[in-house]
Amino acid sequence: HREAMKDWYGKRGVSCCGFLLYTKAPEEGEVYAEYFYCFSDDTCQDANMVLAAKSYIYNEHLPTLFSEDVTIKVKWESDGAGCFNSNLMKACQPLWYNWTNGRVDEVQIRISAAGGGKTSLDGSFAVMQKKLKDVVSTGGMDIYDASTCLEAFLSGSGMRNASAAMLSVRRENDLKITDGS
């Protein structure tokens, strides 16, 4: 989920990239849903932000949900926003297996049309926003950067089946893909 670029451009503050993760327990066959939010002081909301978030989820979060001897097969689905539907994201798909030391294999990418409708993830952002506002309005704490945003998110209650992490997006060696012209 992200704001339209025209609404976001030039803002400062905290960026949040959200994901809805469906996992299937191999031995039980049941499907579990979890919202996962990545907070960052980097406000670009571009493909590099999404790659950093996927790297965290694939290397740090998903492996905690499965035994070590399992290769986690991921079917990536996203809306058509540019940060998700970039050539960079498509070029990285076959690399995740090596980048995660064989733990995660991104076997499919499916991109829906931009503006293709709201999902439960969009609704979860509203719940998260209310939770953060409540923390501030009750005097619990001030939110002024990604770390305090994460701290506020993790405090108290209000969101079930939700996890979060703080991201640092490295931009000094941005990977660039050109069309050769």
# chains A, B, ... in the order shown; residues from 1 in each chain; ligands from 1
call {"tool": "residues_around", "arguments": {"residues": "stretch 142-148 of chain A", "least_positions_apart": "4", "cutoff": "10 Å", "atoms": "only C-alpha atoms", "output": "list in words"}}
result
Arg12, Gly13, Val14, Ser15, Cys16, Cys38, Phe39, Ser40, Asp41, Asp42, Leu132, Lys133, Val135, Val136, Ser137, Ala152, Phe153, Leu154, Ala165, Met166, Leu167 and Ser168 of chain A
call {"tool": "write_last_selection", "arguments": {"atoms": "N, CA, C and O atoms", "output": "short mmCIF file (atom, residue, chain, number, x, y, z; two decimals), in the first residue's frame"}}
result
data_model
loop_
_atom_site.label_atom_id
_atom_site.label_comp_id
_atom_site.auth_asym_id
_atom_site.auth_seq_id
_atom_site.Cartn_x
_atom_site.Cartn_y
_atom_site.Cartn_z
N ARG A 12 8.28 14.61 4.16
CA ARG A 12 9.29 14.06 5.05
C ARG A 12 8.58 13.25 6.09
O ARG A 12 7.39 13.39 6.31
N GLY A 13 9.31 12.41 6.74
CA GLY A 13 8.69 11.64 7.81
C GLY A 13 8.97 10.17 7.70
O GLY A 13 10.06 9.76 7.33
N VAL A 14 7.95 9.38 8.00
CA VAL A 14 8.07 7.94 8.06
C VAL A 14 7.30 7.32 6.91
O VAL A 14 6.17 7.70 6.64
N SER A 15 7.92 6.38 6.26
CA SER A 15 7.27 5.63 5.20
C SER A 15 6.90 4.26 5.73
O SER A 15 7.62 3.70 6.56
N CYS A 16 5.79 3.72 5.25
CA CYS A 16 5.37 2.40 5.67
C CYS A 16 4.98 1.59 4.44
O CYS A 16 4.13 2.02 3.67
N CYS A 38 6.57 -2.52 7.23
CA CYS A 38 7.97 -2.11 7.29
C CYS A 38 8.03 -0.59 7.38
O CYS A 38 7.61 0.10 6.44
N PHE A 39 8.51 -0.08 8.50
CA PHE A 39 8.65 1.35 8.71
C PHE A 39 10.05 1.79 8.34
O PHE A 39 11.02 1.09 8.62
N SER A 40 10.16 2.97 7.73
CA SER A 40 11.48 3.47 7.35
C SER A 40 11.49 4.99 7.37
O SER A 40 10.47 5.64 7.10
N ASP A 41 12.65 5.54 7.66
CA ASP A 41 12.84 6.99 7.56
C ASP A 41 13.11 7.40 6.11
O ASP A 41 13.15 8.58 5.79
N ASP A 42 13.31 6.43 5.24
CA ASP A 42 13.48 6.68 3.80
C ASP A 42 12.09 6.84 3.19
O ASP A 42 11.27 5.93 3.25
N LEU A 132 -1.88 4.06 16.00
CA LEU A 132 -0.79 5.01 16.23
C LEU A 132 -1.32 6.34 16.75
O LEU A 132 -0.73 6.94 17.66
N LYS A 133 -2.44 6.80 16.21
CA LYS A 133 -3.04 8.04 16.71
C LYS A 133 -3.46 7.90 18.17
O LYS A 133 -3.30 8.82 18.96
N VAL A 135 -2.14 5.95 20.44
CA VAL A 135 -0.95 5.95 21.29
C VAL A 135 -0.50 7.38 21.56
O VAL A 135 -0.17 7.75 22.69
N VAL A 136 -0.52 8.22 20.54
CA VAL A 136 -0.10 9.61 20.69
C VAL A 136 -1.12 10.39 21.52
O VAL A 136 -0.76 11.12 22.45
N SER A 137 -2.42 10.24 21.20
CA SER A 137 -3.44 11.05 21.87
C SER A 137 -3.61 10.71 23.34
O SER A 137 -4.02 11.56 24.14
N ALA A 152 5.66 2.45 18.87
CA ALA A 152 4.23 2.70 19.12
C ALA A 152 3.39 1.55 18.57
O ALA A 152 2.41 1.12 19.20
N PHE A 153 3.75 1.06 17.39
CA PHE A 153 3.02 -0.06 16.79
C PHE A 153 3.07 -1.29 17.70
O PHE A 153 2.08 -1.98 17.89
N LEU A 154 4.24 -1.56 18.25
CA LEU A 154 4.42 -2.75 19.08
C LEU A 154 3.83 -2.61 20.48
O LEU A 154 3.63 -3.62 21.16
N ALA A 165 8.58 -4.30 11.31
CA ALA A 165 10.03 -4.17 11.43
C ALA A 165 10.41 -2.78 10.93
O ALA A 165 9.63 -2.12 10.26
N MET A 166 11.62 -2.37 11.28
CA MET A 166 12.14 -1.11 10.78
C MET A 166 13.17 -1.40 9.70
O MET A 166 14.01 -2.29 9.86
N LEU A 167 13.08 -0.67 8.60
CA LEU A 167 13.98 -0.87 7.47
C LEU A 167 14.96 0.27 7.33
O LEU A 167 14.61 1.42 7.56
N SER A 168 16.13 -0.07 6.89
CA SER A 168 17.09 0.92 6.45
C SER A 168 17.38 0.58 4.99
O SER A 168 17.87 -0.49 4.68
#
call {"tool": "select_by_dssp", "arguments": {"residues": "stretch 1-178 of chain A", "states": "alpha helix (DSSP H)", "output": "PyMOL selection string"}}
result
chain A and resi 5-8+47-56+87-92+96-99+120-137+146-154
call {"tool": "write_last_selection", "arguments": {"atoms": "C-alpha atoms", "output": "CSV table (one decimal), in the first residue's frame"}}
result
chain,number,residue,atom,x,y,z
A,5,MET,CA,3.3,9.8,-5.9
A,6,LYS,CA,1.7,13.2,-6.5
A,7,ASP,CA,0.4,13.0,-2.9
A,8,TRP,CA,3.7,11.8,-1.4
A,47,ALA,CA,11.4,-0.4,-5.9
A,48,ASN,CA,14.5,-0.2,-3.6
A,49,MET,CA,12.1,0.2,-0.6
A,50,VAL,CA,10.2,-2.9,-1.7
A,51,LEU,CA,13.4,-4.9,-2.3
A,52,ALA,CA,14.6,-4.0,1.2
A,53,ALA,CA,11.2,-5.0,2.7
A,54,LYS,CA,11.2,-8.3,0.7
A,55,SER,CA,14.7,-9.0,1.8
A,56,TYR,CA,13.8,-8.6,5.5
A,87,ASN,CA,11.8,-4.1,-14.2
A,88,LEU,CA,14.0,-4.3,-11.1
A,89,MET,CA,11.5,-6.4,-9.2
A,90,LYS,CA,11.1,-8.8,-12.1
A,91,ALA,CA,14.8,-9.1,-12.6
A,92,CYS,CA,15.3,-10.0,-9.0
A,96,TRP,CA,16.0,-14.7,-4.2
A,97,TYR,CA,16.8,-18.3,-3.9
A,98,ASN,CA,20.6,-17.5,-3.8
A,99,TRP,CA,20.1,-14.3,-1.7
A,120,SER,CA,-8.0,-6.1,3.4
A,121,LEU,CA,-4.5,-4.8,3.4
A,122,ASP,CA,-5.8,-1.3,2.7
A,123,GLY,CA,-8.2,-1.7,5.6
A,124,SER,CA,-5.4,-2.8,7.9
A,125,PHE,CA,-3.6,0.5,7.2
A,126,ALA,CA,-6.6,2.4,8.6
A,127,VAL,CA,-6.6,0.2,11.7
A,128,MET,CA,-2.8,0.8,12.1
A,129,GLN,CA,-3.2,4.5,11.7
A,130,LYS,CA,-5.9,4.6,14.3
A,131,LYS,CA,-3.7,2.6,16.7
A,132,LEU,CA,-0.8,5.0,16.2
A,133,LYS,CA,-3.0,8.0,16.7
A,134,ASP,CA,-4.4,6.5,19.9
A,135,VAL,CA,-0.9,6.0,21.3
A,136,VAL,CA,-0.1,9.6,20.7
A,137,SER,CA,-3.4,11.0,21.9
A,146,ALA,CA,10.6,5.1,12.1
A,147,SER,CA,11.9,3.7,15.3
A,148,THR,CA,9.3,5.5,17.5
A,149,CYS,CA,6.6,4.5,15.0
A,150,LEU,CA,7.6,0.9,15.3
A,151,GLU,CA,7.8,1.2,19.1
A,152,ALA,CA,4.2,2.7,19.1
A,153,PHE,CA,3.0,-0.1,16.8
A,154,LEU,CA,4.4,-2.8,19.1
call {"tool": "closest_residue", "arguments": {"among": "A:Leu95, A:Val169, A:Leu20, A:Ala25", "to": "A:Ser67", "atoms": "only C-alpha atoms"}}
result
A:Ala25
call {"tool": "select_by_dssp", "arguments": {"residues": "stretch 29-124 of chain A", "states": "strand (DSSP E or B)", "output": "VMD selection string"}}
result
chain A and resid 31 to 40 72 to 78 104 to 111
call {"tool": "residues_around", "arguments": {"residues": "A:Asp79", "least_positions_apart": "3", "cutoff": "6 Å", "atoms": "only C-alpha atoms", "output": "ChimeraX atom specification"}}
result
/A:111-112,114
call {"tool": "residues_around", "arguments": {"residues": "stretch 101-103 of chain A", "least_positions_apart": "2", "cutoff": "9 Å", "atoms": "only C-alpha atoms", "output": "list in words"}}
result
Tyr58, Asn59, Leu62, Pro63, Glu68, Asp69, Val70, Thr71, Ile72, Lys73, Trp96, Tyr97, Asn98, Trp99 and Asp105 of chain A
call {"tool": "closest_residue", "arguments": {"among": "A:Thr23, A:Trp76, A:Glu30, A:Gln93", "to": "A:Thr64", "atoms": "only C-alpha atoms"}}
result
A:Thr23
call {"tool": "residues_around", "arguments": {"residues": "stretch 158-164 of chain A", "least_positions_apart": "5", "cutoff": "6 Å", "atoms": "only C-alpha atoms", "output": "list in words"}}
result
Glu34, Tyr35, Phe36, Tyr37 and Cys38 of chain A
call {"tool": "closest_residue", "arguments": {"among": "A:Val107, A:Thr100, A:Thr43, A:Ala113", "to": "A:Asn85", "atoms": "only C-alpha atoms"}}
result
A:Ala113
